$ cat structure_33.cif   # mmCIF, C-alpha atoms
data_query
#
loop_
_atom_site.label_atom_id
_atom_site.label_comp_id
_atom_site.auth_asym_id
_atom_site.auth_seq_id
_atom_site.Cartn_x
_atom_site.Cartn_y
_atom_site.Cartn_z
CA MET A 1300 0.00 0.00 0.00
CA GLU A 1301 1.19 3.50 -0.83
CA ASP A 1302 2.64 5.47 2.07
CA THR A 1303 0.55 8.64 2.43
CA SER A 1304 1.91 9.66 5.83
CA ALA A 1305 3.63 12.71 4.34
CA PHE A 1306 0.30 14.16 3.21
CA PRO A 1307 -2.05 16.07 5.55
CA LEU A 1308 -5.58 14.82 6.27
CA GLU A 1309 -6.87 18.29 5.39
CA LEU A 1310 -5.33 21.42 3.90
CA THR A 1311 -5.71 24.31 6.33
CA GLY A 1312 -4.88 28.00 6.41
CA SER A 1313 -6.24 31.25 5.03
CA ASP A 1314 -5.37 30.57 1.39
CA VAL A 1315 -6.26 26.92 0.83
CA PRO A 1316 -6.40 26.18 -2.93
CA MET A 1317 -9.69 25.00 -4.40
CA VAL A 1318 -7.73 22.28 -6.23
CA SER A 1319 -4.37 20.88 -5.19
CA PHE A 1320 -2.31 18.10 -6.78
CA LYS A 1321 0.41 16.89 -4.42
CA LYS A 1322 3.19 14.74 -5.96
CA VAL A 1323 0.66 12.99 -8.21
CA LYS A 1324 1.85 10.23 -10.50
CA LYS A 1325 -0.18 8.49 -13.17
CA ALA A 1326 1.20 5.61 -15.20
CA TYR A 1327 -0.16 2.96 -17.53
CA GLY A 1328 2.21 0.08 -17.03
CA GLU A 1329 5.67 1.37 -17.92
CA LEU A 1330 4.30 4.54 -19.54
CA VAL A 1331 4.43 7.44 -17.06
CA VAL A 1332 1.84 10.02 -18.14
CA LEU A 1333 2.19 12.39 -15.19
CA ASP A 1334 5.22 12.43 -12.95
CA ASP A 1335 5.17 14.04 -9.47
CA LEU A 1336 2.66 16.70 -10.48
CA ASP A 1337 2.32 19.64 -8.09
CA LEU A 1338 -0.40 22.08 -9.11
CA ASP A 1339 -2.54 24.44 -7.03
CA VAL A 1340 -5.57 26.27 -8.41
CA ALA A 1341 -7.03 29.07 -6.31
CA ALA A 1342 -10.75 29.54 -5.77
CA GLY A 1343 -12.20 31.48 -8.69
CA GLU A 1344 -9.08 31.02 -10.83
CA MET A 1345 -9.25 30.05 -14.52
CA VAL A 1346 -6.29 27.85 -15.44
CA THR A 1347 -5.72 26.60 -18.96
CA ILE A 1348 -3.54 23.60 -19.75
CA ILE A 1349 -1.79 23.48 -23.11
CA GLY A 1350 0.82 21.21 -24.63
CA PRO A 1351 1.45 18.60 -27.30
CA SER A 1352 -0.57 15.41 -27.59
CA GLY A 1353 0.48 12.83 -25.01
CA SER A 1354 1.77 15.40 -22.52
CA GLY A 1355 -0.82 14.45 -19.86
CA LYS A 1356 -3.25 17.37 -20.26
CA THR A 1357 -6.55 15.49 -20.40
CA THR A 1358 -5.33 12.98 -17.80
CA VAL A 1359 -5.17 15.86 -15.28
CA LEU A 1360 -8.89 16.51 -15.79
CA ARG A 1361 -9.85 12.84 -15.82
CA MET A 1362 -8.06 12.25 -12.51
CA LEU A 1363 -9.80 15.25 -11.00
CA MET A 1364 -13.15 13.91 -12.22
CA THR A 1365 -12.16 10.54 -10.62
CA LEU A 1366 -12.40 8.83 -14.01
CA GLU A 1367 -8.78 7.72 -13.62
CA LYS A 1368 -7.09 6.41 -10.48
CA ILE A 1369 -3.77 7.92 -9.53
CA ASN A 1370 -0.74 5.76 -8.75
CA ARG A 1371 0.84 8.01 -6.15
CA GLY A 1372 0.26 11.29 -4.36
CA VAL A 1373 -3.00 12.94 -3.26
CA ILE A 1374 -5.47 15.29 -4.92
CA TYR A 1375 -7.39 17.72 -2.69
CA VAL A 1376 -10.52 19.70 -3.53
CA ASN A 1377 -11.53 22.60 -1.30
CA GLY A 1378 -9.05 21.46 1.32
CA SER A 1379 -10.36 17.88 1.63
CA PRO A 1380 -8.75 14.83 0.01
CA LEU A 1381 -10.47 13.63 -3.15
CA THR A 1382 -8.51 10.53 -4.12
CA HIS A 1383 -8.11 9.39 -0.52
CA MET A 1384 -10.15 9.52 2.67
CA PRO A 1385 -9.17 9.85 6.33
CA LYS A 1386 -9.31 6.62 8.30
CA GLY A 1387 -7.67 5.86 11.62
CA GLY A 1388 -5.69 9.09 11.54
CA LYS A 1389 -4.19 8.53 8.07
CA LEU A 1390 -5.19 8.71 4.42
CA VAL A 1391 -6.32 5.53 2.66
CA GLU A 1392 -7.59 4.99 -0.86
CA ALA A 1393 -11.07 6.48 -1.26
CA SER A 1394 -14.04 4.14 -1.39
CA SER A 1395 -16.53 4.40 -4.26
CA ARG A 1396 -19.09 5.83 -1.85
CA TYR A 1397 -16.68 8.52 -0.67
CA LEU A 1398 -15.79 9.37 -4.30
CA ARG A 1399 -19.45 9.79 -5.24
CA THR A 1400 -19.87 12.32 -2.43
CA ARG A 1401 -16.74 14.29 -3.24
CA ARG A 1402 -17.35 14.22 -7.00
CA ALA A 1403 -20.45 16.37 -6.48
CA ASP A 1404 -18.14 19.40 -6.21
CA ILE A 1405 -16.84 18.90 -9.75
CA GLY A 1406 -18.50 19.35 -13.14
CA MET A 1407 -16.97 18.35 -16.47
CA CYS A 1408 -17.76 19.10 -20.10
CA PHE A 1409 -16.31 16.66 -22.59
CA GLN A 1410 -15.21 16.96 -26.18
CA HIS A 1411 -18.16 14.89 -27.42
CA PHE A 1412 -21.00 16.33 -25.31
CA ASN A 1413 -22.22 12.96 -23.87
CA LEU A 1414 -25.86 14.09 -23.67
CA PHE A 1415 -28.53 11.46 -23.05
CA PRO A 1416 -29.99 10.96 -26.55
CA HIS A 1417 -33.47 9.92 -25.32
CA MET A 1418 -33.92 13.07 -23.22
CA THR A 1419 -34.70 16.63 -24.24
CA ALA A 1420 -32.26 19.44 -23.46
CA LEU A 1421 -34.31 20.33 -20.38
CA GLU A 1422 -34.53 16.71 -19.20
CA ASN A 1423 -30.77 16.33 -19.64
CA CYS A 1424 -30.22 19.26 -17.28
CA MET A 1425 -32.81 18.11 -14.74
CA GLU A 1426 -31.68 14.50 -14.44
CA GLY A 1427 -28.64 15.02 -12.19
CA PRO A 1428 -30.22 17.48 -9.73
CA VAL A 1429 -33.25 15.18 -9.31
CA GLN A 1430 -31.49 11.80 -9.17
CA VAL A 1431 -28.24 12.78 -7.43
CA LEU A 1432 -28.99 15.93 -5.44
CA GLY A 1433 -32.58 14.99 -4.57
CA LEU A 1434 -34.11 18.24 -5.86
CA SER A 1435 -37.82 18.30 -6.57
CA LYS A 1436 -38.72 18.26 -10.25
CA LYS A 1437 -40.11 21.77 -9.87
CA ASN A 1438 -36.87 23.14 -8.43
CA ALA A 1439 -34.75 21.20 -10.91
CA ARG A 1440 -36.83 22.55 -13.79
CA GLU A 1441 -36.48 26.14 -12.57
CA ARG A 1442 -32.72 25.75 -12.13
CA SER A 1443 -32.32 24.08 -15.52
CA GLU A 1444 -34.41 26.64 -17.39
CA GLU A 1445 -32.38 29.44 -15.82
CA LEU A 1446 -29.14 27.82 -16.99
CA LEU A 1447 -30.46 27.06 -20.48
CA GLU A 1448 -31.41 30.72 -20.68
CA MET A 1449 -27.88 31.68 -19.66
CA VAL A 1450 -26.29 29.57 -22.42
CA GLY A 1451 -28.79 30.78 -25.01
CA MET A 1452 -30.64 27.48 -25.37
CA ILE A 1453 -34.00 28.09 -23.66
CA ASP A 1454 -35.81 28.11 -27.00
CA LYS A 1455 -34.48 24.58 -27.68
CA LYS A 1456 -35.33 23.14 -24.26
CA ASP A 1457 -37.81 20.58 -25.64
CA GLN A 1458 -35.52 19.37 -28.43
CA HIS A 1459 -33.63 16.08 -28.30
CA PRO A 1460 -29.85 16.14 -28.95
CA SER A 1461 -30.26 14.68 -32.44
CA ARG A 1462 -32.13 17.87 -33.42
CA LEU A 1463 -29.36 20.16 -32.15
CA SER A 1464 -26.13 21.27 -33.80
CA GLY A 1465 -22.79 20.45 -32.19
CA GLY A 1466 -22.46 23.93 -30.75
CA GLN A 1467 -25.98 23.75 -29.34
CA GLN A 1468 -25.33 20.33 -27.80
CA GLN A 1469 -22.14 21.58 -26.16
CA ARG A 1470 -23.97 24.57 -24.67
CA VAL A 1471 -26.61 22.22 -23.24
CA ALA A 1472 -23.80 20.06 -21.83
CA ILE A 1473 -22.36 23.12 -20.06
CA ALA A 1474 -25.79 23.96 -18.62
CA ARG A 1475 -26.20 20.33 -17.49
CA ALA A 1476 -22.84 20.40 -15.66
CA LEU A 1477 -23.68 23.73 -14.02
CA ALA A 1478 -27.06 22.41 -12.85
CA MET A 1479 -25.18 20.32 -10.28
CA ARG A 1480 -23.81 23.53 -8.71
CA PRO A 1481 -20.17 22.42 -8.86
CA LYS A 1482 -17.37 24.34 -7.17
CA VAL A 1483 -14.97 23.35 -9.97
CA MET A 1484 -15.69 23.18 -13.72
CA LEU A 1485 -13.52 21.21 -16.12
CA PHE A 1486 -13.51 21.74 -19.88
CA ASP A 1487 -11.79 19.11 -22.02
CA GLU A 1488 -11.28 20.31 -25.60
CA VAL A 1489 -14.92 21.42 -25.67
CA THR A 1490 -14.56 23.10 -29.07
CA SER A 1491 -12.43 20.54 -30.91
CA ALA A 1492 -15.40 18.50 -32.22
CA LEU A 1493 -17.21 21.61 -33.47
CA ASP A 1494 -17.33 23.23 -36.89
CA PRO A 1495 -15.30 26.46 -36.94
CA GLU A 1496 -18.34 28.68 -37.42
CA VAL A 1497 -20.00 27.53 -34.16
CA ILE A 1498 -16.91 27.52 -31.92
CA GLY A 1499 -17.73 31.10 -30.94
CA GLU A 1500 -21.09 29.99 -29.49
CA VAL A 1501 -19.32 27.86 -26.91
CA THR A 1502 -16.35 30.10 -26.22
CA ASN A 1503 -18.74 32.99 -25.56
CA VAL A 1504 -20.57 30.91 -22.94
CA ILE A 1505 -17.28 30.11 -21.21
CA ARG A 1506 -16.28 33.78 -21.34
CA LYS A 1507 -19.58 34.61 -19.65
CA LEU A 1508 -18.94 32.03 -16.93
CA VAL A 1509 -15.50 33.50 -16.27
CA ALA A 1510 -16.85 37.05 -16.14
CA GLU A 1511 -20.02 36.51 -14.11
CA HIS A 1512 -19.56 33.41 -11.95
CA ASN A 1513 -16.92 32.82 -9.31
CA LEU A 1514 -16.22 29.28 -10.46
CA THR A 1515 -12.84 27.63 -10.32
CA MET A 1516 -12.10 26.33 -13.82
CA LEU A 1517 -9.55 24.15 -15.53
CA MET A 1518 -9.56 23.96 -19.30
CA VAL A 1519 -7.60 21.90 -21.82
CA THR A 1520 -7.63 23.48 -25.26
CA HIS A 1521 -5.69 23.73 -28.52
CA GLN A 1522 -7.12 27.20 -29.12
CA MET A 1523 -4.21 29.36 -28.09
CA GLY A 1524 -5.95 32.66 -28.77
CA PHE A 1525 -8.86 31.69 -26.55
CA ALA A 1526 -6.49 30.48 -23.83
CA ARG A 1527 -4.59 33.76 -23.95
CA ASP A 1528 -7.75 35.88 -23.73
CA ILE A 1529 -9.63 34.02 -21.01
CA SER A 1530 -7.11 32.54 -18.58
CA ASP A 1531 -5.67 33.82 -15.33
CA ARG A 1532 -2.80 31.37 -15.74
CA VAL A 1533 -1.59 29.05 -18.49
CA CYS A 1534 0.33 25.82 -17.79
CA PHE A 1535 2.40 24.28 -20.57
CA PHE A 1536 2.69 20.53 -20.09
CA PHE A 1537 5.47 18.51 -21.65
CA ASP A 1538 6.47 14.91 -21.00
CA GLY A 1539 4.21 14.52 -17.96
CA LYS A 1540 5.34 17.66 -16.16
CA ILE A 1541 4.57 21.36 -16.05
CA GLU A 1542 7.40 22.69 -18.20
CA GLU A 1543 6.42 26.34 -17.76
CA GLN A 1544 3.51 28.34 -16.36
CA GLY A 1545 2.55 31.96 -15.96
CA ALA A 1546 0.15 34.74 -16.85
CA PRO A 1547 -1.03 34.47 -20.49
CA ALA A 1548 0.74 37.64 -21.63
CA GLU A 1549 3.99 36.37 -20.09
CA LEU A 1550 3.83 32.79 -21.32
CA PHE A 1551 2.65 33.58 -24.84
CA GLY A 1552 4.60 36.80 -25.21
CA ASN A 1553 7.92 35.81 -23.68
CA PRO A 1554 8.22 32.04 -23.08
CA ARG A 1555 11.43 31.19 -21.24
CA LYS A 1556 11.80 27.46 -21.89
CA GLU A 1557 12.96 26.12 -25.25
CA ARG A 1558 10.23 23.47 -25.36
CA THR A 1559 7.54 26.11 -24.76
CA GLN A 1560 9.03 28.25 -27.53
CA GLN A 1561 9.05 25.28 -29.93
CA PHE A 1562 5.43 24.39 -29.16
CA LEU A 1563 4.14 27.95 -29.51
CA SER A 1564 6.13 28.42 -32.70
CA ALA A 1565 4.46 25.30 -34.15
CA VAL A 1566 0.95 26.56 -33.30
CA LYS A 1567 1.56 30.29 -33.79
CA GLU A 1568 -0.96 30.46 -36.61
CA ALA A 1569 -3.65 29.82 -33.98
CA ILE A 1570 -2.60 32.77 -31.83
#
$ encode --input "structure_33.cif" --output "structure tokens"
Amino acid sequence: MEDTSAFPLELTGSDVPMVSFKKVKKAYGELVVLDDLDLDVAAGEMVTIIGPSGSGKTTVLRMLMTLEKINRGVIYVNGSPLTHMPKGGKLVEASSRYLRTRRADIGMCFQHFNLFPHMTALENCMEGPVQVLGLSKKNARERSEELLEMVGMIDKKDQHPSRLSGGQQQRVAIARALAMRPKVMLFDEVTSALDPEVIGEVTNVIRKLVAEHNLTMLMVTHQMGFARDISDRVCFFFDGKIEEQGAPAELFGNPRKERTQQFLSAVKEAI
């Protein structure tokens, strides 16, 4: 069993991060995808992760959503352990029941929407609050309609996903994730499956979230211009580690590391 004695049962203090990765390792057999990752994200901060394919970007989000188990280290959300749970004065691997409880703080939007095809847009948004949070259908409907209004989809609330464009489906998926009232929102390449002319629909919704809601957000994207405009901080991942990080103007305008320079040079047409 992994020795977790070096990790605290809770993070305490006046400036506890909303998300904290402590010495996190993720490997698939001999392939190390993330190696001793340390990353703190403050409450209300928007952090964007960029980097070449295979650098571990999406794995960060999947571990935070508890879709992937970590091999070493501890992830904390809002000061409490996510991947582990306190037992007998030490941290042990989290049970599935514990994970279900802690996962309620986190919402995720995927590249391919993952809407329930047999449900309308409104029903998709209501399902989680009713089944998981125990909201009444009336309250869940009110919450869902408010969010569909926010993402510009209230007029399509009775449509099934098959009747919606990709951009419309992704906006419904964002509303559905928000309906669970998460403290942390994760966006995994949410525009990469969309036609270029509708990407703006989704990026505008995310801009609105950043401007009007005090959510903590982590985003993986290949859209460098969007990352530069919207982020508080950008992390460049390479070979399973954070190679360089900083404010967008600093990282995009004056990257210090050679690997960052090479990557940005290769994608400069997107900036």
$ closest_residue --input "structure_33.cif" --among "A:Ala1546, A:Met1449, A:Ala1565, A:Met1362" --to "A:His1512" --atoms "all atoms listed in the file"
A:Met1449
$ atom_distance --input "structure_33.cif" --atom1 "atom CA of A:Ser1354" --atom2 "atom CA of A:Pro1316"
23.8 Å
$ axis_aligned_box --input "structure_33.cif" --around "stretch 1394-1404 of chain A" --padding-each-side "6 Å" --output "AutoDock Vina command-line options"
--center_x -17.2 --center_y 11.8 --center_z -3.8 --size_x 18.4 --size_y 27.3 --size_z 18.3
$ closest_residue --input "structure_33.cif" --among "A:Gln1430, A:Asn1377, A:Ser1564, A:Ser1352" --to "A:Asp1314" --atoms "all atoms listed in the file"
A:Asn1377
$ residues_around --input "structure_33.cif" --residues "A:Pro1380" --least-positions-apart "6" --cutoff "10 Å" --atoms "all atoms listed in the file" --output "ChimeraX atom specification"
/A:1306-1310,1318-1320,1373-1374,1390-1393,1398,1401
$ resolve_selection --input "structure_33.cif" --expression "the PyMOL selection byres ((chain A and resi 1459) around 12)" --output "PDB file with C-alpha atoms, keeping the file's coordinate frame"
ATOM      1  CA  LEU A1414     -25.860  14.090 -23.670  1.00  0.00           C
ATOM      2  CA  PHE A1415     -28.530  11.460 -23.050  1.00  0.00           C
ATOM      3  CA  PRO A1416     -29.990  10.960 -26.550  1.00  0.00           C
ATOM      4  CA  HIS A1417     -33.470   9.920 -25.320  1.00  0.00           C
ATOM      5  CA  MET A1418     -33.920  13.070 -23.220  1.00  0.00           C
ATOM      6  CA  THR A1419     -34.700  16.630 -24.240  1.00  0.00           C
ATOM      7  CA  ALA A1420     -32.260  19.440 -23.460  1.00  0.00           C
ATOM      8  CA  LEU A1421     -34.310  20.330 -20.380  1.00  0.00           C
ATOM      9  CA  GLU A1422     -34.530  16.710 -19.200  1.00  0.00           C
ATOM     10  CA  ASN A1423     -30.770  16.330 -19.640  1.00  0.00           C
ATOM     11  CA  CYS A1424     -30.220  19.260 -17.280  1.00  0.00           C
ATOM     12  CA  LYS A1455     -34.480  24.580 -27.680  1.00  0.00           C
ATOM     13  CA  LYS A1456     -35.330  23.140 -24.260  1.00  0.00           C
ATOM     14  CA  ASP A1457     -37.810  20.580 -25.640  1.00  0.00           C
ATOM     15  CA  GLN A1458     -35.520  19.370 -28.430  1.00  0.00           C
ATOM     16  CA  PRO A1460     -29.850  16.140 -28.950  1.00  0.00           C
ATOM     17  CA  SER A1461     -30.260  14.680 -32.440  1.00  0.00           C
ATOM     18  CA  ARG A1462     -32.130  17.870 -33.420  1.00  0.00           C
ATOM     19  CA  LEU A1463     -29.360  20.160 -32.150  1.00  0.00           C
ATOM     20  CA  SER A1464     -26.130  21.270 -33.800  1.00  0.00           C
ATOM     21  CA  GLN A1467     -25.980  23.750 -29.340  1.00  0.00           C
ATOM     22  CA  GLN A1468     -25.330  20.330 -27.800  1.00  0.00           C
ATOM     23  CA  VAL A1471     -26.610  22.220 -23.240  1.00  0.00           C
TER      24      VAL A1471
END
$ resolve_selection --input "structure_33.cif" --expression "the PyMOL selection byres ((chain A and resi 1340-1348) around 7)" --output "PyMOL selection string"
chain A and resi 1316-1319+1338-1339+1349-1350+1356+1513-1520+1526+1530-1536
$ residues_around --input "structure_33.cif" --residues "A:Tyr1327" --least-positions-apart "6" --cutoff "12 Å" --atoms "all atoms listed in the file" --output "list in words"
Leu1333, Asp1334, Gly1355, Thr1358, Glu1367, Lys1368, Ile1369 and Asn1370 of chain A
$ write_last_selection --input "structure_33.cif" --atoms "C-alpha atoms" --output "tab-separated table (two decimals), in the frame of the given file"
chain	number	residue	atom	x	y	z
A	1333	LEU	CA	2.19	12.39	-15.19
A	1334	ASP	CA	5.22	12.43	-12.95
A	1355	GLY	CA	-0.82	14.45	-19.86
A	1358	THR	CA	-5.33	12.98	-17.80
A	1367	GLU	CA	-8.78	7.72	-13.62
A	1368	LYS	CA	-7.09	6.41	-10.48
A	1369	ILE	CA	-3.77	7.92	-9.53
A	1370	ASN	CA	-0.74	5.76	-8.75
$ closest_residue --input "structure_33.cif" --among "A:Phe1412, A:Tyr1397, A:Phe1486, A:Phe1537" --to "A:Val1332" --atoms "all atoms listed in the file"
A:Phe1537
$ closest_residue --input "structure_33.cif" --among "A:Gly1353, A:Arg1470, A:Pro1554, A:Glu1511" --to "A:Val1497" --atoms "only C-alpha atoms"
A:Arg1470
$ atom_distance --input "structure_33.cif" --atom1 "atom CA of A:Leu1485" --atom2 "atom CA of A:Phe1409"
8.4 Å
$ residues_around --input "structure_33.cif" --residues "A:Arg1527" --least-positions-apart "4" --cutoff "8 Å" --atoms "all atoms listed in the file" --output "ChimeraX atom specification"
/A:1523,1533,1547-1548,1551
$ closest_residue --input "structure_33.cif" --among "A:Ile1529, A:Leu1563, A:Ile1541, A:Cys1408" --to "A:Leu1508" --atoms "all atoms listed in the file"
A:Ile1529
$ atom_distance --input "structure_33.cif" --atom1 "atom CA of A:Val1489" --atom2 "atom CA of A:Met1407"
9.9 Å
$ resolve_selection --input "structure_33.cif" --expression "the PyMOL selection byres ((chain A and resi 1431) around 10)" --output "list in words"
Arg1399, Thr1400, Ala1403, Glu1426, Gly1427, Pro1428, Val1429, Gln1430, Leu1432, Gly1433, Leu1434 and Met1479 of chain A
$ closest_residue --input "structure_33.cif" --among "A:Thr1502, A:Asn1553, A:Gln1560, A:Ser1304" --to "A:Gly1388" --atoms "all atoms listed in the file"
A:Ser1304
$ residues_around --input "structure_33.cif" --residues "A:Leu1493" --least-positions-apart "2" --cutoff "6 Å" --atoms "only C-alpha atoms" --output "list in words"
Gly1465, Thr1490 and Ser1491 of chain A
$ build_atoms --input "structure_33.cif" --residues "stretch 1382-1392 of chain A" --atoms "all heavy atoms" --output "mmCIF file, in the coordinates of the input"
data_model
loop_
_atom_site.group_PDB
_atom_site.id
_atom_site.type_symbol
_atom_site.label_atom_id
_atom_site.label_comp_id
_atom_site.auth_asym_id
_atom_site.auth_seq_id
_atom_site.Cartn_x
_atom_site.Cartn_y
_atom_site.Cartn_z
ATOM 1 N N THR A 1382 -8.922 11.876 -3.719
ATOM 2 C CA THR A 1382 -8.510 10.530 -4.120
ATOM 3 C C THR A 1382 -8.357 9.589 -2.937
ATOM 4 O O THR A 1382 -8.278 8.378 -3.092
ATOM 5 C CB THR A 1382 -7.167 10.607 -4.859
ATOM 6 O OG1 THR A 1382 -6.250 11.382 -4.052
ATOM 7 C CG2 THR A 1382 -7.341 11.290 -6.205
ATOM 8 N N HIS A 1383 -8.285 10.152 -1.750
ATOM 9 C CA HIS A 1383 -8.110 9.390 -0.520
ATOM 10 C C HIS A 1383 -9.117 9.866 0.515
ATOM 11 O O HIS A 1383 -9.755 10.909 0.338
ATOM 12 C CB HIS A 1383 -6.686 9.568 0.024
ATOM 13 C CG HIS A 1383 -5.630 9.010 -0.869
ATOM 14 N ND1 HIS A 1383 -5.293 9.605 -2.081
ATOM 15 C CD2 HIS A 1383 -4.824 7.920 -0.737
ATOM 16 C CE1 HIS A 1383 -4.334 8.883 -2.657
ATOM 17 N NE2 HIS A 1383 -4.030 7.877 -1.860
ATOM 18 N N MET A 1384 -9.245 9.111 1.594
ATOM 19 C CA MET A 1384 -10.150 9.520 2.670
ATOM 20 C C MET A 1384 -9.476 9.234 4.015
ATOM 21 O O MET A 1384 -8.677 8.300 4.138
ATOM 22 C CB MET A 1384 -11.481 8.778 2.572
ATOM 23 C CG MET A 1384 -11.397 7.277 2.677
ATOM 24 S SD MET A 1384 -13.025 6.501 2.415
ATOM 25 C CE MET A 1384 -12.641 4.790 2.833
ATOM 26 N N PRO A 1385 -9.764 10.068 5.000
ATOM 27 C CA PRO A 1385 -9.170 9.850 6.330
ATOM 28 C C PRO A 1385 -9.742 8.595 6.990
ATOM 29 O O PRO A 1385 -10.947 8.353 6.954
ATOM 30 C CB PRO A 1385 -9.586 11.108 7.105
ATOM 31 C CG PRO A 1385 -10.040 12.094 6.080
ATOM 32 C CD PRO A 1385 -10.580 11.292 4.952
ATOM 33 N N LYS A 1386 -8.869 7.807 7.561
ATOM 34 C CA LYS A 1386 -9.310 6.620 8.300
ATOM 35 C C LYS A 1386 -8.228 6.252 9.304
ATOM 36 O O LYS A 1386 -7.072 6.046 8.919
ATOM 37 C CB LYS A 1386 -9.563 5.449 7.334
ATOM 38 C CG LYS A 1386 -10.156 4.221 8.016
ATOM 39 C CD LYS A 1386 -10.478 3.138 6.983
ATOM 40 C CE LYS A 1386 -11.134 1.938 7.642
ATOM 41 N NZ LYS A 1386 -11.444 0.873 6.667
ATOM 42 N N GLY A 1387 -8.622 6.223 10.568
ATOM 43 C CA GLY A 1387 -7.670 5.860 11.620
ATOM 44 C C GLY A 1387 -6.494 6.818 11.706
ATOM 45 O O GLY A 1387 -5.358 6.394 11.974
ATOM 46 N N GLY A 1388 -6.744 8.098 11.415
ATOM 47 C CA GLY A 1388 -5.690 9.090 11.540
ATOM 48 C C GLY A 1388 -4.730 9.146 10.367
ATOM 49 O O GLY A 1388 -3.688 9.810 10.445
ATOM 50 N N LYS A 1389 -5.044 8.449 9.265
ATOM 51 C CA LYS A 1389 -4.190 8.530 8.070
ATOM 52 C C LYS A 1389 -5.063 8.491 6.829
ATOM 53 O O LYS A 1389 -6.284 8.248 6.903
ATOM 54 C CB LYS A 1389 -3.186 7.373 8.059
ATOM 55 C CG LYS A 1389 -3.810 5.990 7.996
ATOM 56 C CD LYS A 1389 -2.715 4.916 7.990
ATOM 57 C CE LYS A 1389 -3.333 3.530 7.876
ATOM 58 N NZ LYS A 1389 -2.295 2.478 7.812
ATOM 59 N N LEU A 1390 -4.461 8.722 5.684
ATOM 60 C CA LEU A 1390 -5.190 8.710 4.420
ATOM 61 C C LEU A 1390 -5.104 7.323 3.786
ATOM 62 O O LEU A 1390 -4.020 6.754 3.663
ATOM 63 C CB LEU A 1390 -4.617 9.749 3.458
ATOM 64 C CG LEU A 1390 -4.846 11.222 3.820
ATOM 65 C CD1 LEU A 1390 -4.138 12.117 2.813
ATOM 66 C CD2 LEU A 1390 -6.333 11.548 3.887
ATOM 67 N N VAL A 1391 -6.262 6.803 3.388
ATOM 68 C CA VAL A 1391 -6.320 5.530 2.660
ATOM 69 C C VAL A 1391 -7.050 5.780 1.346
ATOM 70 O O VAL A 1391 -7.698 6.813 1.159
ATOM 71 C CB VAL A 1391 -7.062 4.458 3.487
ATOM 72 C CG1 VAL A 1391 -6.345 4.204 4.800
ATOM 73 C CG2 VAL A 1391 -8.514 4.855 3.739
ATOM 74 N N GLU A 1392 -6.930 4.833 0.436
ATOM 75 C CA GLU A 1392 -7.590 4.990 -0.860
ATOM 76 C C GLU A 1392 -9.093 5.176 -0.684
ATOM 77 O O GLU A 1392 -9.731 4.481 0.100
ATOM 78 C CB GLU A 1392 -7.316 3.763 -1.748
ATOM 79 C CG GLU A 1392 -7.856 3.910 -3.157
ATOM 80 C CD GLU A 1392 -7.522 2.714 -4.035
ATOM 81 O OE1 GLU A 1392 -6.565 1.982 -3.712
ATOM 82 O OE2 GLU A 1392 -8.236 2.512 -5.039
#
